Amino acid sequence: MLSYLIDIFLIGIVAALINNFVLYYFVGICPFVGVSRKISTAFGMGCAVIFVISIAALISWTITTYVLMPGAPLTQWAAGLFMTPEAAAGVDLTVLSYIVYIFAISSSVQFVEMYVRKFFPPLYKALGVYLPLITTNCAILFACLVIMSKIVGVDNPADAWDLGRGLTLAVGGGIGFTIAIVIMAGIREELDLCDVPKPFEGAAITLIVAGILALGFMGFTGVDSGLRKAMMPEPAAVTAQVQAAPEAGGGDVHN
Amino acid sequence: MNWITIGLSASTLFAMAVVISYILGWANKAFYVKVDPRIEAIIEALPGANCGGCGFVGCADYAEGVVISGAAVDKCPVGGASCAAAVASIMGVEVGESYPQRPIVHCGAHYDERKGRSPYFGEMTCEAANLVAGVQGCTYGCLGFGDCTRACKYDAIHVIDGLATVDYDKCIGCGACGNVCPRNIITITPFRKSQILAVACSNKDAGKDVMAVCEVGCIGCKACARKSELFKIQDNLPTIDYDHWDAECTLDVMEACEKCPRNRLIFVGEPSPADVAATRDKELPEVVEADFKPTVDDTEWRG
């Protein structure tokens with residue numbers, strides 16, 4: 001139980017800070033550059049992303065677990081009508097993942113948008129502009145694909161992520177996006193008052209700032225393994241898989 | 001085996017499509033929000049520039065304002081009279097006589113006519129320069145750093161020889177220049193004709209002080225007010241009450257214009273057909289302005 005909580009905590013921290021979606025993986029750059037002019041709108045955008053990414057994670061985890069992955073209950077049952085149980089267990093529908101995710105996410109966001117518009121008009125006014133914008137934003141699709149990669153193709157079925165881990169990754173990623181875009185909006189509000197050289201005006205200086213910001217976030221690398229060591233001193237825990245951070249360790253490069 | 005996988009994929013997507021479209025169809029009815037059709041019709045009728053010239057956040061907000069809170073139908077500066085008529089017909093009201101709103105720059109001094117202008121090395125914006133004392137002698141007039149030019153989305157106002165000058169051919173009257181001017185010398189005025197009379201000075205100081213800082217500024221001599229009742233002197237500066245001016249140049253007004261010792265009563269607006277005809281055959285020399293920005297970096301630290 002404790003190790004599960006630590007795991008959850010670390011997944012959240014890793015997704016929010018260390019492997020920040022925007023500044024580490026460079027997904028979701030479009031809203032990051034486009035909607036980061038004012039802190040208030042950037043924060044609204046961030047909240048909308050958190051909201052949509054959570055829904056997306058919930059849906060994609062459910063669909064992956066029950067329909068798409070090899071040996072998923074629904075698919076196995078349907079395939080079992082036509083073939084032997086052994087063959088049915090191997091039916092793999094993960095090729096459909098992209099189309100199914102986009103389809104499911106966009107329609108669920110559409111549904112939620114209608115619901116919010118009817119019952120929470122002020123919230124709709126605050127988020128309404130952004131919701132359709134980020135329906136299948138690549139940061140959101142990316143979260144779904146990360147969750148899929150943690151469910152499908154893991155060697156030990158017990159290591160497959162449960163819904164809690166998936167949701168934590170999504171919410172952490174959304175919070176990381178919000179942090180990144182709000183920092184960026186703050187910098188850009190200051191930039192408006194600066195004397196930027198003509199060739200760098202506009203998008204150019206924004207991308208330069210984003211790059212420096214990304215460099216800064218690289219400083220978090222390794223924090224997760226340190227935290228894990230600090231929280232789980234037993235040798236068994238140290239060898240446990242570090243969930244994210246595909247650290248290109250120096251050793252690999254030299255070999 | 002392969003056929004079964006293909007069939008399963010197809011049926012998965014088909015089942016999702018059926019379920020989702022059913023749910024969305026139901027939600028569309030169950031969560032239907034009644035929107036006044038007039039709002040959508042007005043959004044269609046508006047130009048969609050989202051310039052904010054009407055005082056609302058954007059065209060959609062203005063449409064809502066017209067329908068729900070009863071804003072005036074002729075607020076849109078971009079669409080002008082035809083747009084106001086369209087909105088009025090949607091709302092079922094009569095549109096009153098409306099005139100295009102255009103900015104007037106109440107300053108007439110170019111660089112060489114201003115006195116007491118000191119070298120300024122700060123941020124090259126009017127907003128920043130206005131905070132510094134002594135950038136130029138006249139504390140009312142145009143600074144010429146072009147905040148208005150940058151604010152204009154329509155390329156209709158330019159700093160020519162240190163003075164903001166409106167290009168009335170391009171201007172649509174959104175008022176962005178007037179909002180951004182730190183010295184508030186740009187007013188948005190209803191133009192009853194394509195050219196109207198304007199007072200091209202904002203200096204409220206006494207005549208002697210104005211003479212010290214400007215070669216063309218209004219000295220408050222009241223000559224115009226003596227000639228014509230159109231001009232009222234307030235704070236050493238003539239003002240024109242445009243509501244009570246029928247845009248006709250009566251004799252007394254023309255006399256006042258000629259009498260002004262500083263020639264500060266000028267006509268602004270679109271060039272008249274006569275002006276256009278006079279300059280049509282003239283070949284304008286192509287002005288080449290040096291652009292040092294790409295080669296000379298002026299971002300040095302000036303703290």
# chains A, B, ... in the order shown; residues from 1 in each chain; ligands from 1
>>> interface_residues(of="chain A", to="chain B", cutoff="9 Å", atoms="only C-alpha atoms", output="NGL selection string")
:A and (67 or 75 or 78-79 or 82-83 or 87 or 91-93 or 95-96 or 99-100 or 103-104 or 107-108 or 110-111 or 114-119 or 193-199)
>>> residues_around(residues="Leu131 of chain A", least_positions_apart="6", cutoff="9 Å", atoms="only C-alpha atoms", output="PyMOL selection string")
chain A and resi 45+48-49+52+109-110+113
>>> write_last_selection(atoms="all heavy atoms", output="CSV table (one decimal), in the first residue's frame")
chain,number,residue,atom,x,y,z
A,45,MET,N,-6.6,28.3,-19.8
A,45,MET,CA,-6.2,27.3,-20.7
A,45,MET,C,-5.6,26.1,-20.0
A,45,MET,O,-6.0,24.9,-20.3
A,45,MET,CB,-5.1,27.8,-21.7
A,45,MET,CG,-4.7,26.8,-22.8
A,45,MET,SD,-6.0,26.7,-24.0
A,45,MET,CE,-5.3,25.5,-25.0
A,48,ALA,N,-8.4,24.2,-18.3
A,48,ALA,CA,-9.1,23.4,-19.3
A,48,ALA,C,-8.3,22.1,-19.7
A,48,ALA,O,-8.9,21.0,-19.9
A,48,ALA,CB,-9.4,24.2,-20.6
A,49,VAL,N,-7.0,22.3,-19.8
A,49,VAL,CA,-6.2,21.1,-20.2
A,49,VAL,C,-6.3,20.0,-19.1
A,49,VAL,O,-6.4,18.8,-19.4
A,49,VAL,CB,-4.7,21.5,-20.5
A,49,VAL,CG1,-3.8,20.3,-20.5
A,49,VAL,CG2,-4.7,22.3,-21.8
A,52,VAL,N,-9.7,18.3,-19.4
A,52,VAL,CA,-9.8,17.4,-20.6
A,52,VAL,C,-8.9,16.2,-20.5
A,52,VAL,O,-9.2,15.1,-20.8
A,52,VAL,CB,-9.6,18.2,-21.9
A,52,VAL,CG1,-9.5,17.3,-23.1
A,52,VAL,CG2,-10.6,19.3,-22.1
A,109,VAL,N,-15.5,15.2,-24.8
A,109,VAL,CA,-15.4,16.6,-24.5
A,109,VAL,C,-16.6,17.4,-25.0
A,109,VAL,O,-17.1,18.3,-24.4
A,109,VAL,CB,-14.1,17.2,-25.1
A,109,VAL,CG1,-14.0,18.7,-25.1
A,109,VAL,CG2,-12.9,16.6,-24.4
A,110,GLN,N,-17.1,17.0,-26.2
A,110,GLN,CA,-18.3,17.6,-26.8
A,110,GLN,C,-19.4,17.4,-25.8
A,110,GLN,O,-20.2,18.4,-25.5
A,110,GLN,CB,-18.6,16.9,-28.1
A,110,GLN,CG,-19.7,17.5,-28.8
A,110,GLN,CD,-19.3,18.9,-29.4
A,110,GLN,OE1,-18.2,19.0,-29.9
A,110,GLN,NE2,-20.2,19.8,-29.3
A,113,GLU,N,-18.9,19.5,-22.8
A,113,GLU,CA,-19.1,20.9,-23.1
A,113,GLU,C,-20.6,21.3,-23.1
A,113,GLU,O,-21.0,22.3,-22.5
A,113,GLU,CB,-18.5,21.2,-24.5
A,113,GLU,CG,-18.5,22.7,-24.7
A,113,GLU,CD,-18.0,23.0,-26.2
A,113,GLU,OE1,-17.5,22.1,-26.8
A,113,GLU,OE2,-18.2,24.1,-26.6
>>> residues_around(residues="segment 244-248 of chain B", least_positions_apart="6", cutoff="9 Å", atoms="only C-alpha atoms", output="tab-separated table (two decimals) with all heavy atoms, in the first residue's frame")
chain	number	residue	atom	x	y	z
B	191	PHE	N	-17.46	62.35	-37.83
B	191	PHE	CA	-17.18	63.17	-39.00
B	191	PHE	C	-18.46	63.38	-39.78
B	191	PHE	O	-18.94	62.46	-40.46
B	191	PHE	CB	-16.13	62.48	-39.89
B	191	PHE	CG	-14.72	62.86	-39.55
B	191	PHE	CD1	-14.29	62.86	-38.24
B	191	PHE	CD2	-13.81	63.22	-40.54
B	191	PHE	CE1	-12.99	63.20	-37.92
B	191	PHE	CE2	-12.53	63.57	-40.23
B	191	PHE	CZ	-12.10	63.56	-38.92
B	192	ARG	N	-19.02	64.58	-39.69
B	192	ARG	CA	-20.25	64.83	-40.43
B	192	ARG	C	-19.99	64.97	-41.92
B	192	ARG	O	-20.89	64.83	-42.72
B	192	ARG	CB	-20.90	66.11	-39.91
B	192	ARG	CG	-21.24	65.96	-38.44
B	192	ARG	CD	-22.27	66.96	-38.03
B	192	ARG	NE	-22.70	66.61	-36.70
B	192	ARG	CZ	-23.87	66.95	-36.19
B	192	ARG	NH1	-24.70	67.64	-36.91
B	192	ARG	NH2	-24.21	66.60	-34.98
B	193	LYS	N	-18.80	65.31	-42.25
B	193	LYS	CA	-18.43	65.38	-43.65
B	193	LYS	C	-17.11	64.61	-43.78
B	193	LYS	O	-16.54	64.21	-42.78
B	193	LYS	CB	-18.20	66.83	-44.06
B	193	LYS	CG	-19.43	67.53	-44.56
B	193	LYS	CD	-19.06	68.95	-44.86
B	193	LYS	CE	-19.55	69.38	-46.21
B	193	LYS	NZ	-19.11	70.73	-46.51
B	195	GLN	N	-14.44	65.93	-44.59
B	195	GLN	CA	-13.43	66.78	-43.99
B	195	GLN	C	-14.09	67.67	-42.95
B	195	GLN	O	-15.12	68.28	-43.22
B	195	GLN	CB	-12.78	67.67	-45.05
B	195	GLN	CG	-11.81	66.94	-45.93
B	195	GLN	CD	-10.91	67.90	-46.68
B	195	GLN	OE1	-11.36	68.98	-47.07
B	195	GLN	NE2	-9.67	67.53	-46.87
B	196	ILE	N	-13.52	67.73	-41.76
B	196	ILE	CA	-14.09	68.62	-40.76
B	196	ILE	C	-13.01	69.49	-40.15
B	196	ILE	O	-11.82	69.18	-40.25
B	196	ILE	CB	-14.86	67.87	-39.65
B	196	ILE	CG1	-13.91	66.99	-38.85
B	196	ILE	CG2	-16.01	67.08	-40.20
B	196	ILE	CD1	-14.53	66.51	-37.56
B	197	LEU	N	-13.49	70.53	-39.51
B	197	LEU	CA	-12.59	71.49	-38.89
B	197	LEU	C	-12.09	70.93	-37.56
B	197	LEU	O	-12.84	70.29	-36.82
B	197	LEU	CB	-13.36	72.79	-38.65
B	197	LEU	CG	-12.56	74.03	-38.28
B	197	LEU	CD1	-11.59	74.37	-39.38
B	197	LEU	CD2	-13.52	75.16	-38.02
B	230	LEU	N	-18.80	79.52	-32.98
B	230	LEU	CA	-18.55	78.08	-32.97
B	230	LEU	C	-17.45	77.73	-31.97
B	230	LEU	O	-17.46	76.66	-31.37
B	230	LEU	CB	-18.13	77.64	-34.38
B	230	LEU	CG	-17.78	76.18	-34.57
B	230	LEU	CD1	-18.99	75.30	-34.35
B	230	LEU	CD2	-17.25	75.95	-35.97
>>> residues_around(residues="Asp61 of chain B", least_positions_apart="6", cutoff="10 Å", atoms="only C-alpha atoms", output="PyMOL selection string")
chain B and resi 39+43+50+52+54-55
>>> select_by_dssp(residues="segment 201-294 of chain B", states="strand (DSSP E)", output="mmCIF file with C-alpha atoms, in the first residue's frame")
data_model
loop_
_atom_site.group_PDB
_atom_site.id
_atom_site.type_symbol
_atom_site.label_atom_id
_atom_site.label_comp_id
_atom_site.auth_asym_id
_atom_site.auth_seq_id
_atom_site.Cartn_x
_atom_site.Cartn_y
_atom_site.Cartn_z
ATOM 1 C CA PHE B 231 -15.375 78.347 -30.927
ATOM 2 C CA LYS B 232 -15.453 78.416 -27.156
ATOM 3 C CA ILE B 233 -12.250 79.095 -25.289
ATOM 4 C CA GLN B 234 -11.570 76.689 -22.435
ATOM 5 C CA LEU B 237 -7.681 76.544 -26.042
ATOM 6 C CA PRO B 238 -10.564 76.854 -28.479
ATOM 7 C CA THR B 239 -12.973 73.937 -28.546
ATOM 8 C CA ILE B 240 -15.471 73.072 -31.243
ATOM 9 C CA LEU B 265 -7.660 75.693 -37.139
ATOM 10 C CA ILE B 266 -7.261 73.144 -39.877
ATOM 11 C CA PHE B 267 -9.418 70.815 -41.866
ATOM 12 C CA VAL B 268 -8.727 67.145 -41.440
ATOM 13 C CA GLY B 269 -10.212 64.132 -43.119
#
